[in-house]
Amino acid sequence: MAAWIHGKVVDHKRWNEKLHTLYIDAAIEPHQAGQFVKIGLEIDGEIIGRPYSLLNPPRHTPLEIYYIHVPQGQLTPRLIQLEAGDDILVSPRANGFMVLDEIPQAKHLWFMATGTGVGPFLAILDEGKLWARFERVVLVYAVRTLSELSYQERIAALAAANPERFAFVPFISRETWPFAQPGRIPQAIENGSLEMAAGTPIRAEDSHFVLCGNPAMVEDVTQCLIGRGFKKHRRRDPGHITTESYW
Ligand SMILES: Cc1cc2nc3c(=O)[nH]c(=O)nc-3n(C[C@H](O)[C@H](O)[C@H](O)COP(=O)(O)OP(=O)(O)OC[C@H]3O[C@@H](n4cnc5c(N)ncnc54)[C@H](O)[C@@H]3O)c2cc1C
């Protein structure tokens, strides 16, 4: 199989100077919600490719990726320059195990994201298959400032469609907002404020956690949950914590 297929940028949304969403027309193979593709550009005669989660549910087009500009990075300083009509390379097949089929049965499903890590959860939530398997779903979304809390309309629509079964708990660490939790997620697990805000108990016997984004958050929350009797999930050794670190 070819390493890359050719795609076209169809739109480029700028949320603020750092956060962007690219919409891409590319005929990739059918994917599962929660998976990522590789996006590539030819830079100085070499193709530079990086993985990005898909926000569009399966069979929805165009492809949608939500990314942050890393000024010292190789690819994203070039991604931010793209406009509708520009060429872009996309891996023909999506990958990744952060998909519903890999998540064991539980009563409560917790999605926890920092920043752009919210993307795969939005794809899974919008696809909607999870409601047949989980009684209650909590989306925890941690950012530094309100201007970084992208996709609020999409999340509000999910909450309106599932008022009894969906809880949204934003964390904003560098500003104070009455609707958001202050501080860090592990502290809020330890002092009980997250369970209170989510209206959902954190118990290993009926919960599964999926963590995505900043590796420090993924590690800290994993350790905190292990301290409460949770276990990392592996295909051959089922547990309660599934993770995807972005770097
Ligand atoms: C499975 C997977 C899925 C990913 N999905 C996304 C996604 O949906 N959106 C996205 O923005 N990134 C995502 N990433 C990260 C992405 O692949 C690139 O690493 C990132 O865009 C930086 O690329 P770059 O070439 O500009 O920087 P590089 O030269 O690769 O520099 C990498 C450095 O950038 C920083 N960095 C990387 N990603 C982030 C991030 N998301 N937030 C803050 N700092 C970061 C880290 O300090 C890292 O060491 C994903 C990574 C993995 C492994």
# chains A, B, ... in the order shown; residues from 1 in each chain; ligands from 1
>>> closest_atom_pairs(of="region 132-228 of chain A", to="region 87-108 of chain A", cutoff="12 Å", atoms="only C-alpha atoms", output="Markdown table")
| residue | atom | partner | partner_atom | distance |
| --- | --- | --- | --- | --- |
| A:Ala132 | CA | A:Gln105 | CA | 10.8 |
| A:Arg133 | CA | A:Gln105 | CA | 7.0 |
| A:Phe134 | CA | A:Lys107 | CA | 5.3 |
| A:Glu135 | CA | A:Lys107 | CA | 5.4 |
| A:Arg136 | CA | A:His108 | CA | 5.0 |
| A:Val137 | CA | A:His108 | CA | 5.9 |
| A:Val138 | CA | A:His108 | CA | 7.8 |
| A:Leu139 | CA | A:His108 | CA | 11.1 |
| A:Arg165 | CA | A:His108 | CA | 9.5 |
| A:Phe166 | CA | A:His108 | CA | 10.1 |
| A:Ala167 | CA | A:His108 | CA | 10.9 |
| A:Glu195 | CA | A:His108 | CA | 11.8 |
| A:Ala198 | CA | A:His108 | CA | 11.0 |
| A:Gly199 | CA | A:His108 | CA | 11.1 |
| A:Thr200 | CA | A:His108 | CA | 7.9 |
| A:Pro201 | CA | A:His108 | CA | 8.6 |
| A:Ile202 | CA | A:His108 | CA | 8.7 |
| A:Arg203 | CA | A:His108 | CA | 9.1 |
| A:Ala204 | CA | A:Ala106 | CA | 9.3 |
| A:Glu205 | CA | A:Ala106 | CA | 8.0 |
| A:Asp206 | CA | A:Lys107 | CA | 5.1 |
| A:Ser207 | CA | A:His108 | CA | 4.7 |
| A:His208 | CA | A:Ala106 | CA | 6.0 |
| A:Phe209 | CA | A:His108 | CA | 8.6 |
| A:Val210 | CA | A:Met98 | CA | 7.8 |
| A:Leu211 | CA | A:Met98 | CA | 9.3 |
| A:Cys212 | CA | A:Met98 | CA | 9.1 |
>>> residues_around(residues="Tyr151 (chain A)", least_positions_apart="6", cutoff="10 Å", atoms="only C-alpha atoms", output="list in words")
Trp15, Tyr66, Val118, Gly119 and Leu122 of chain A
>>> closest_atom_pairs(of="chain A", to="ligand 1", cutoff="7 Å", atoms="only C-alpha atoms and all ligand atoms", output="tab-separated table")
residue	atom	partner	partner_atom_place_in_ligand_line	distance
A:Phe36	CA	ligand 1	3 (C)	5.9
A:Arg50	CA	ligand 1	17 (O)	4.2
A:Pro51	CA	ligand 1	17 (O)	4.1
A:Tyr52	CA	ligand 1	5 (N)	3.4
A:Ser53	CA	ligand 1	8 (O)	3.9
A:Leu54	CA	ligand 1	8 (O)	6.8
A:Ile65	CA	ligand 1	8 (O)	5.9
A:Tyr66	CA	ligand 1	9 (N)	5.2
A:Tyr67	CA	ligand 1	11 (O)	3.2
A:Ile68	CA	ligand 1	11 (O)	4.3
A:His69	CA	ligand 1	26 (O)	6.5
A:Val70	CA	ligand 1	26 (O)	5.0
A:Pro71	CA	ligand 1	26 (O)	7.0
A:Gln72	CA	ligand 1	29 (O)	6.6
A:Gly73	CA	ligand 1	27 (O)	3.2
A:Gln74	CA	ligand 1	25 (O)	3.7
A:Leu75	CA	ligand 1	25 (O)	3.6
A:Thr76	CA	ligand 1	26 (O)	3.7
A:Pro77	CA	ligand 1	26 (O)	6.1
A:Gly96	CA	ligand 1	1 (C)	6.9
A:Gly115	CA	ligand 1	42 (N)	6.6
A:Thr116	CA	ligand 1	9 (N)	5.0
A:Gly117	CA	ligand 1	8 (O)	6.1
A:Gly119	CA	ligand 1	8 (O)	6.0
A:Gly213	CA	ligand 1	41 (N)	6.4
A:Asn214	CA	ligand 1	42 (N)	6.6
A:Glu244	CA	ligand 1	1 (C)	6.4
A:Ser245	CA	ligand 1	53 (C)	6.1
A:Tyr246	CA	ligand 1	51 (C)	3.6
A:Trp247	CA	ligand 1	48 (C)	5.3
>>> write_last_selection(atoms="C-alpha atoms", output="PDB file, in the first residue's frame")
ATOM      1  CA  PHE A  36      -5.746   8.882  13.950  1.00  0.00           C
ATOM      2  CA  ARG A  50       2.852  13.326  12.146  1.00  0.00           C
ATOM      3  CA  PRO A  51      -0.201  11.532  13.604  1.00  0.00           C
ATOM      4  CA  TYR A  52      -3.468  13.471  14.208  1.00  0.00           C
ATOM      5  CA  SER A  53      -6.743  12.198  15.632  1.00  0.00           C
ATOM      6  CA  LEU A  54      -9.814  12.377  13.418  1.00  0.00           C
ATOM      7  CA  ILE A  65      -8.125  17.391  12.559  1.00  0.00           C
ATOM      8  CA  TYR A  66      -7.730  19.737  15.520  1.00  0.00           C
ATOM      9  CA  TYR A  67      -4.151  20.770  16.210  1.00  0.00           C
ATOM     10  CA  ILE A  68      -1.980  23.165  18.158  1.00  0.00           C
ATOM     11  CA  HIS A  69       0.821  25.193  16.600  1.00  0.00           C
ATOM     12  CA  VAL A  70       4.148  24.102  18.132  1.00  0.00           C
ATOM     13  CA  PRO A  71       6.394  27.055  17.119  1.00  0.00           C
ATOM     14  CA  GLN A  72       9.623  25.041  17.459  1.00  0.00           C
ATOM     15  CA  GLY A  73       8.101  22.008  15.736  1.00  0.00           C
ATOM     16  CA  GLN A  74       8.779  20.728  12.230  1.00  0.00           C
ATOM     17  CA  LEU A  75       5.309  20.226  10.782  1.00  0.00           C
ATOM     18  CA  THR A  76       2.821  22.520  12.522  1.00  0.00           C
ATOM     19  CA  PRO A  77       4.544  25.824  11.546  1.00  0.00           C
ATOM     20  CA  GLY A  96      -5.090   3.377  16.867  1.00  0.00           C
ATOM     21  CA  GLY A 115      -6.203  20.435  24.897  1.00  0.00           C
ATOM     22  CA  THR A 116      -6.304  18.863  21.457  1.00  0.00           C
ATOM     23  CA  GLY A 117      -6.745  15.431  23.069  1.00  0.00           C
ATOM     24  CA  GLY A 119     -10.654  15.368  19.387  1.00  0.00           C
ATOM     25  CA  GLY A 213      -3.313  14.278  25.350  1.00  0.00           C
ATOM     26  CA  ASN A 214      -0.506  15.632  27.498  1.00  0.00           C
ATOM     27  CA  GLU A 244      -3.063   7.753  24.327  1.00  0.00           C
ATOM     28  CA  SER A 245      -0.220  10.252  24.845  1.00  0.00           C
ATOM     29  CA  TYR A 246       0.339  12.831  22.103  1.00  0.00           C
ATOM     30  CA  TRP A 247       4.074  13.164  22.723  1.00  0.00           C
TER      31      TRP A 247
END
>>> select_by_dssp(residues="region 1-244 of chain A", states="helix (DSSP H, G or I)", output="ChimeraX atom specification")
/A:76-79,100-102,115-127,129-132,146-148,152-161,185-190,193-198,204-206,215-226
>>> residues_around(residues="Gln223 (chain A)", least_positions_apart="5", cutoff="9 Å", atoms="only C-alpha atoms", output="compact mmCIF listing (two decimals) with N, CA and C atoms, in the first residue's frame")
# COMPACT_ATOMS: atom_id res chain seq x y z
N PRO A 186 -5.84 15.32 38.87
CA PRO A 186 -5.58 14.36 39.96
C PRO A 186 -6.03 14.89 41.33
N VAL A 218 -1.66 12.23 31.50
CA VAL A 218 -1.96 10.80 31.35
C VAL A 218 -1.28 10.00 32.48
N ARG A 228 -6.34 4.13 43.58
CA ARG A 228 -7.72 3.86 44.01
C ARG A 228 -8.21 2.49 43.53
>>> closest_residue(among="A:Arg236, A:Lys231, A:Lys129, A:His31", to="Asn56 (chain A)", atoms="only C-alpha atoms")
A:His31
>>> closest_residue(among="A:Leu149, A:Arg154, A:Tyr141, A:Ile185", to="Phe168 (chain A)", atoms="only C-alpha atoms")
A:Tyr141
>>> select_by_dssp(residues="region 7-242 of chain A", states="strand (DSSP E)", output="PDB file with N, CA and C atoms, in the first residue's frame")
ATOM      1  N   GLY A   7      -4.401  14.580  -0.664  1.00  0.00           N
ATOM      2  CA  GLY A   7      -5.638  15.207  -0.211  1.00  0.00           C
ATOM      3  C   GLY A   7      -5.617  16.689  -0.526  1.00  0.00           C
ATOM      4  N   LYS A   8      -6.771  17.323  -0.343  1.00  0.00           N
ATOM      5  CA  LYS A   8      -6.900  18.781  -0.550  1.00  0.00           C
ATOM      6  C   LYS A   8      -7.489  19.408   0.699  1.00  0.00           C
ATOM      7  N   VAL A   9      -6.915  20.494   1.128  1.00  0.00           N
ATOM      8  CA  VAL A   9      -7.493  21.255   2.230  1.00  0.00           C
ATOM      9  C   VAL A   9      -8.779  21.893   1.720  1.00  0.00           C
ATOM     10  N   VAL A  10      -9.885  21.698   2.476  1.00  0.00           N
ATOM     11  CA  VAL A  10     -11.139  22.340   2.044  1.00  0.00           C
ATOM     12  C   VAL A  10     -11.500  23.529   2.935  1.00  0.00           C
ATOM     13  N   ASP A  11     -10.949  23.559   4.140  1.00  0.00           N
ATOM     14  CA  ASP A  11     -11.196  24.720   5.019  1.00  0.00           C
ATOM     15  C   ASP A  11     -10.154  24.690   6.129  1.00  0.00           C
ATOM     16  N   HIS A  12      -9.931  25.838   6.747  1.00  0.00           N
ATOM     17  CA  HIS A  12      -8.959  25.931   7.836  1.00  0.00           C
ATOM     18  C   HIS A  12      -9.503  26.937   8.839  1.00  0.00           C
ATOM     19  N   LYS A  13      -9.945  26.419   9.978  1.00  0.00           N
ATOM     20  CA  LYS A  13     -10.531  27.300  11.003  1.00  0.00           C
ATOM     21  C   LYS A  13      -9.450  27.680  12.003  1.00  0.00           C
ATOM     22  N   ARG A  14      -9.373  28.974  12.322  1.00  0.00           N
ATOM     23  CA  ARG A  14      -8.429  29.432  13.347  1.00  0.00           C
ATOM     24  C   ARG A  14      -9.234  29.797  14.592  1.00  0.00           C
ATOM     25  N   LEU A  19      -4.538  27.512  18.131  1.00  0.00           N
ATOM     26  CA  LEU A  19      -5.370  26.326  17.895  1.00  0.00           C
ATOM     27  C   LEU A  19      -6.111  26.417  16.568  1.00  0.00           C
ATOM     28  N   HIS A  20      -6.067  25.324  15.821  1.00  0.00           N
ATOM     29  CA  HIS A  20      -6.588  25.335  14.455  1.00  0.00           C
ATOM     30  C   HIS A  20      -7.307  24.018  14.157  1.00  0.00           C
ATOM     31  N   THR A  21      -8.277  24.089  13.240  1.00  0.00           N
ATOM     32  CA  THR A  21      -8.899  22.871  12.708  1.00  0.00           C
ATOM     33  C   THR A  21      -8.758  22.865  11.192  1.00  0.00           C
ATOM     34  N   LEU A  22      -8.194  21.768  10.695  1.00  0.00           N
ATOM     35  CA  LEU A  22      -8.058  21.587   9.248  1.00  0.00           C
ATOM     36  C   LEU A  22      -9.119  20.609   8.768  1.00  0.00           C
ATOM     37  N   TYR A  23      -9.782  20.952   7.674  1.00  0.00           N
ATOM     38  CA  TYR A  23     -10.746  20.064   7.023  1.00  0.00           C
ATOM     39  C   TYR A  23     -10.114  19.631   5.708  1.00  0.00           C
ATOM     40  N   ILE A  24     -10.069  18.319   5.508  1.00  0.00           N
ATOM     41  CA  ILE A  24      -9.305  17.774   4.384  1.00  0.00           C
ATOM     42  C   ILE A  24     -10.163  16.793   3.599  1.00  0.00           C
ATOM     43  N   ASP A  25     -10.133  16.945   2.293  1.00  0.00           N
ATOM     44  CA  ASP A  25     -10.802  16.001   1.413  1.00  0.00           C
ATOM     45  C   ASP A  25      -9.760  14.969   0.988  1.00  0.00           C
ATOM     46  N   PHE A  36      -6.505   7.757  14.490  1.00  0.00           N
ATOM     47  CA  PHE A  36      -5.746   8.882  13.950  1.00  0.00           C
ATOM     48  C   PHE A  36      -5.185   8.528  12.572  1.00  0.00           C
ATOM     49  N   VAL A  37      -4.938   9.568  11.782  1.00  0.00           N
ATOM     50  CA  VAL A  37      -4.230   9.395  10.505  1.00  0.00           C
ATOM     51  C   VAL A  37      -2.887  10.107  10.608  1.00  0.00           C
ATOM     52  N   LYS A  38      -1.998   9.829   9.661  1.00  0.00           N
ATOM     53  CA  LYS A  38      -0.788  10.642   9.561  1.00  0.00           C
ATOM     54  C   LYS A  38      -1.031  11.714   8.513  1.00  0.00           C
ATOM     55  N   ILE A  39      -0.569  12.910   8.829  1.00  0.00           N
ATOM     56  CA  ILE A  39      -0.672  14.033   7.908  1.00  0.00           C
ATOM     57  C   ILE A  39       0.762  14.398   7.524  1.00  0.00           C
ATOM     58  N   GLY A  40       1.000  14.637   6.235  1.00  0.00           N
ATOM     59  CA  GLY A  40       2.358  14.932   5.808  1.00  0.00           C
ATOM     60  C   GLY A  40       2.437  16.099   4.842  1.00  0.00           C
ATOM     61  N   LEU A  41       3.607  16.739   4.848  1.00  0.00           N
ATOM     62  CA  LEU A  41       3.916  17.799   3.882  1.00  0.00           C
ATOM     63  C   LEU A  41       5.358  17.608   3.455  1.00  0.00           C
ATOM     64  N   GLU A  42       5.632  17.953   2.200  1.00  0.00           N
ATOM     65  CA  GLU A  42       7.024  17.908   1.763  1.00  0.00           C
ATOM     66  C   GLU A  42       7.706  19.198   2.205  1.00  0.00           C
ATOM     67  N   ILE A  43       8.744  19.041   3.026  1.00  0.00           N
ATOM     68  CA  ILE A  43       9.456  20.206   3.557  1.00  0.00           C
ATOM     69  C   ILE A  43      10.937  20.030   3.242  1.00  0.00           C
ATOM     70  N   GLU A  46      11.880  16.651   1.814  1.00  0.00           N
ATOM     71  CA  GLU A  46      11.621  15.457   2.618  1.00  0.00           C
ATOM     72  C   GLU A  46      10.167  15.500   3.100  1.00  0.00           C
ATOM     73  N   ILE A  47       9.513  14.327   3.154  1.00  0.00           N
ATOM     74  CA  ILE A  47       8.136  14.332   3.666  1.00  0.00           C
ATOM     75  C   ILE A  47       8.179  14.229   5.188  1.00  0.00           C
ATOM     76  N   ILE A  48       7.591  15.218   5.845  1.00  0.00           N
ATOM     77  CA  ILE A  48       7.482  15.212   7.308  1.00  0.00           C
ATOM     78  C   ILE A  48       6.040  14.841   7.644  1.00  0.00           C
ATOM     79  N   GLY A  49       5.874  13.743   8.379  1.00  0.00           N
ATOM     80  CA  GLY A  49       4.531  13.280   8.726  1.00  0.00           C
ATOM     81  C   GLY A  49       4.360  13.148  10.223  1.00  0.00           C
ATOM     82  N   ARG A  50       3.157  13.440  10.706  1.00  0.00           N
ATOM     83  CA  ARG A  50       2.852  13.326  12.146  1.00  0.00           C
ATOM     84  C   ARG A  50       1.432  12.776  12.290  1.00  0.00           C
ATOM     85  N   PRO A  51       1.161  12.039  13.385  1.00  0.00           N
ATOM     86  CA  PRO A  51      -0.201  11.532  13.604  1.00  0.00           C
ATOM     87  C   PRO A  51      -1.157  12.602  14.156  1.00  0.00           C
ATOM     88  N   TYR A  52      -2.412  12.570  13.705  1.00  0.00           N
ATOM     89  CA  TYR A  52      -3.468  13.471  14.208  1.00  0.00           C
ATOM     90  C   TYR A  52      -4.774  12.700  14.299  1.00  0.00           C
ATOM     91  N   SER A  53      -5.456  12.859  15.428  1.00  0.00           N
ATOM     92  CA  SER A  53      -6.743  12.198  15.632  1.00  0.00           C
ATOM     93  C   SER A  53      -7.797  12.779  14.696  1.00  0.00           C
ATOM     94  N   LEU A  63     -12.376  14.946   6.260  1.00  0.00           N
ATOM     95  CA  LEU A  63     -11.589  14.621   7.444  1.00  0.00           C
ATOM     96  C   LEU A  63     -11.400  15.903   8.237  1.00  0.00           C
ATOM     97  N   GLU A  64     -11.382  15.760   9.559  1.00  0.00           N
ATOM     98  CA  GLU A  64     -11.247  16.942  10.426  1.00  0.00           C
ATOM     99  C   GLU A  64     -10.164  16.662  11.447  1.00  0.00           C
ATOM    100  N   ILE A  65      -9.146  17.539  11.505  1.00  0.00           N
ATOM    101  CA  ILE A  65      -8.125  17.391  12.559  1.00  0.00           C
ATOM    102  C   ILE A  65      -7.998  18.716  13.310  1.00  0.00           C
ATOM    103  N   TYR A  66      -7.822  18.577  14.623  1.00  0.00           N
ATOM    104  CA  TYR A  66      -7.730  19.737  15.520  1.00  0.00           C
ATOM    105  C   TYR A  66      -6.310  19.749  16.079  1.00  0.00           C
ATOM    106  N   TYR A  67      -5.564  20.812  15.826  1.00  0.00           N
ATOM    107  CA  TYR A  67      -4.151  20.770  16.210  1.00  0.00           C
ATOM    108  C   TYR A  67      -3.699  22.094  16.812  1.00  0.00           C
ATOM    109  N   ILE A  68      -2.589  21.979  17.558  1.00  0.00           N
ATOM    110  CA  ILE A  68      -1.980  23.165  18.158  1.00  0.00           C
ATOM    111  C   ILE A  68      -0.673  23.470  17.430  1.00  0.00           C
ATOM    112  N   ASP A  87      -2.592  21.395  -1.385  1.00  0.00           N
ATOM    113  CA  ASP A  87      -2.383  19.944  -1.342  1.00  0.00           C
ATOM    114  C   ASP A  87      -1.835  19.529   0.024  1.00  0.00           C
ATOM    115  N   ILE A  88      -2.178  18.303   0.425  1.00  0.00           N
ATOM    116  CA  ILE A  88      -1.682  17.767   1.696  1.00  0.00           C
ATOM    117  C   ILE A  88      -1.614  16.251   1.556  1.00  0.00           C
ATOM    118  N   LEU A  89      -0.698  15.611   2.257  1.00  0.00           N
ATOM    119  CA  LEU A  89      -0.584  14.150   2.197  1.00  0.00           C
ATOM    120  C   LEU A  89      -1.267  13.544   3.429  1.00  0.00           C
ATOM    121  N   VAL A  90      -1.934  12.416   3.212  1.00  0.00           N
ATOM    122  CA  VAL A  90      -2.653  11.740   4.300  1.00  0.00           C
ATOM    123  C   VAL A  90      -2.351  10.249   4.200  1.00  0.00           C
ATOM    124  N   HIS A 108     -19.969   3.155  33.742  1.00  0.00           N
ATOM    125  CA  HIS A 108     -19.627   4.559  33.518  1.00  0.00           C
ATOM    126  C   HIS A 108     -18.362   4.666  32.684  1.00  0.00           C
ATOM    127  N   LEU A 109     -18.419   5.499  31.649  1.00  0.00           N
ATOM    128  CA  LEU A 109     -17.246   5.716  30.803  1.00  0.00           C
ATOM    129  C   LEU A 109     -16.767   7.148  31.025  1.00  0.00           C
ATOM    130  N   TRP A 110     -15.480   7.282  31.376  1.00  0.00           N
ATOM    131  CA  TRP A 110     -14.888   8.593  31.610  1.00  0.00           C
ATOM    132  C   TRP A 110     -13.896   8.891  30.492  1.00  0.00           C
ATOM    133  N   PHE A 111     -14.110  10.000  29.784  1.00  0.00           N
ATOM    134  CA  PHE A 111     -13.141  10.486  28.805  1.00  0.00           C
ATOM    135  C   PHE A 111     -12.418  11.676  29.440  1.00  0.00           C
ATOM    136  N   MET A 112     -11.095  11.646  29.433  1.00  0.00           N
ATOM    137  CA  MET A 112     -10.340  12.776  30.010  1.00  0.00           C
ATOM    138  C   MET A 112      -9.326  13.261  29.006  1.00  0.00           C
ATOM    139  N   ALA A 113      -9.417  14.554  28.656  1.00  0.00           N
ATOM    140  CA  ALA A 113      -8.531  15.109  27.635  1.00  0.00           C
ATOM    141  C   ALA A 113      -7.863  16.375  28.148  1.00  0.00           C
ATOM    142  N   THR A 114      -6.630  16.586  27.689  1.00  0.00           N
ATOM    143  CA  THR A 114      -6.054  17.932  27.765  1.00  0.00           C
ATOM    144  C   THR A 114      -6.020  18.463  26.340  1.00  0.00           C
ATOM    145  N   ARG A 136     -23.639   5.980  31.588  1.00  0.00           N
ATOM    146  CA  ARG A 136     -23.319   7.392  31.777  1.00  0.00           C
ATOM    147  C   ARG A 136     -21.924   7.655  31.231  1.00  0.00           C
ATOM    148  N   VAL A 137     -21.771   8.798  30.566  1.00  0.00           N
ATOM    149  CA  VAL A 137     -20.475   9.162  29.981  1.00  0.00           C
ATOM    150  C   VAL A 137     -20.098  10.546  30.505  1.00  0.00           C
ATOM    151  N   VAL A 138     -18.858  10.656  30.983  1.00  0.00           N
ATOM    152  CA  VAL A 138     -18.357  11.941  31.486  1.00  0.00           C
ATOM    153  C   VAL A 138     -17.212  12.388  30.582  1.00  0.00           C
ATOM    154  N   LEU A 139     -17.284  13.631  30.113  1.00  0.00           N
ATOM    155  CA  LEU A 139     -16.181  14.203  29.332  1.00  0.00           C
ATOM    156  C   LEU A 139     -15.500  15.260  30.196  1.00  0.00           C
ATOM    157  N   VAL A 140     -14.237  15.000  30.546  1.00  0.00           N
ATOM    158  CA  VAL A 140     -13.427  15.957  31.300  1.00  0.00           C
ATOM    159  C   VAL A 140     -12.440  16.571  30.304  1.00  0.00           C
ATOM    160  N   TYR A 141     -12.407  17.899  30.238  1.00  0.00           N
ATOM    161  CA  TYR A 141     -11.643  18.580  29.181  1.00  0.00           C
ATOM    162  C   TYR A 141     -10.847  19.701  29.855  1.00  0.00           C
ATOM    163  N   ALA A 142      -9.524  19.532  29.929  1.00  0.00           N
ATOM    164  CA  ALA A 142      -8.690  20.466  30.685  1.00  0.00           C
ATOM    165  C   ALA A 142      -7.880  21.363  29.749  1.00  0.00           C
ATOM    166  N   VAL A 143      -7.992  22.666  29.985  1.00  0.00           N
ATOM    167  CA  VAL A 143      -7.244  23.658  29.194  1.00  0.00           C
ATOM    168  C   VAL A 143      -6.705  24.716  30.164  1.00  0.00           C
ATOM    169  N   PHE A 166     -25.091  12.281  30.054  1.00  0.00           N
ATOM    170  CA  PHE A 166     -23.800  12.882  29.675  1.00  0.00           C
ATOM    171  C   PHE A 166     -23.463  14.012  30.628  1.00  0.00           C
ATOM    172  N   ALA A 167     -22.234  13.999  31.150  1.00  0.00           N
ATOM    173  CA  ALA A 167     -21.776  15.113  31.993  1.00  0.00           C
ATOM    174  C   ALA A 167     -20.514  15.699  31.381  1.00  0.00           C
ATOM    175  N   PHE A 168     -20.463  17.017  31.318  1.00  0.00           N
ATOM    176  CA  PHE A 168     -19.279  17.709  30.791  1.00  0.00           C
ATOM    177  C   PHE A 168     -18.636  18.473  31.945  1.00  0.00           C
ATOM    178  N   VAL A 169     -17.351  18.193  32.178  1.00  0.00           N
ATOM    179  CA  VAL A 169     -16.650  18.864  33.274  1.00  0.00           C
ATOM    180  C   VAL A 169     -15.394  19.540  32.719  1.00  0.00           C
ATOM    181  N   PRO A 170     -15.480  20.848  32.421  1.00  0.00           N
ATOM    182  CA  PRO A 170     -14.276  21.546  31.968  1.00  0.00           C
ATOM    183  C   PRO A 170     -13.373  21.927  33.149  1.00  0.00           C
ATOM    184  N   PHE A 171     -12.076  21.871  32.914  1.00  0.00           N
ATOM    185  CA  PHE A 171     -11.081  22.386  33.874  1.00  0.00           C
ATOM    186  C   PHE A 171     -10.360  23.540  33.189  1.00  0.00           C
ATOM    187  N   ILE A 172     -10.283  24.698  33.862  1.00  0.00           N
ATOM    188  CA  ILE A 172      -9.515  25.827  33.321  1.00  0.00           C
ATOM    189  C   ILE A 172      -8.509  26.214  34.392  1.00  0.00           C
ATOM    190  N   SER A 207     -16.336   1.432  36.373  1.00  0.00           N
ATOM    191  CA  SER A 207     -15.901   2.570  35.551  1.00  0.00           C
ATOM    192  C   SER A 207     -14.753   2.185  34.625  1.00  0.00           C
ATOM    193  N   HIS A 208     -14.734   2.806  33.447  1.00  0.00           N
ATOM    194  CA  HIS A 208     -13.548   2.719  32.585  1.00  0.00           C
ATOM    195  C   HIS A 208     -13.110   4.139  32.242  1.00  0.00           C
ATOM    196  N   PHE A 209     -11.805   4.387  32.323  1.00  0.00           N
ATOM    197  CA  PHE A 209     -11.241   5.699  32.027  1.00  0.00           C
ATOM    198  C   PHE A 209     -10.443   5.637  30.730  1.00  0.00           C
ATOM    199  N   VAL A 210     -10.629   6.660  29.886  1.00  0.00           N
ATOM    200  CA  VAL A 210      -9.825   6.796  28.667  1.00  0.00           C
ATOM    201  C   VAL A 210      -9.166   8.168  28.743  1.00  0.00           C
ATOM    202  N   LEU A 211      -7.829   8.200  28.700  1.00  0.00           N
ATOM    203  CA  LEU A 211      -7.067   9.427  28.908  1.00  0.00           C
ATOM    204  C   LEU A 211      -6.320   9.769  27.631  1.00  0.00           C
ATOM    205  N   CYS A 212      -6.360  11.055  27.226  1.00  0.00           N
ATOM    206  CA  CYS A 212      -5.733  11.413  25.952  1.00  0.00           C
ATOM    207  C   CYS A 212      -5.152  12.819  25.999  1.00  0.00           C
ATOM    208  N   GLY A 213      -3.923  12.953  25.495  1.00  0.00           N
ATOM    209  CA  GLY A 213      -3.313  14.278  25.350  1.00  0.00           C
ATOM    210  C   GLY A 213      -1.946  14.363  25.984  1.00  0.00           C
ATOM    211  N   ILE A 241      -8.127   1.366  32.568  1.00  0.00           N
ATOM    212  CA  ILE A 241      -7.547   2.626  32.088  1.00  0.00           C
ATOM    213  C   ILE A 241      -6.945   2.407  30.700  1.00  0.00           C
ATOM    214  N   THR A 242      -7.447   3.171  29.721  1.00  0.00           N
ATOM    215  CA  THR A 242      -6.907   3.157  28.351  1.00  0.00           C
ATOM    216  C   THR A 242      -6.266   4.517  28.121  1.00  0.00           C
TER     217      THR A 242
END
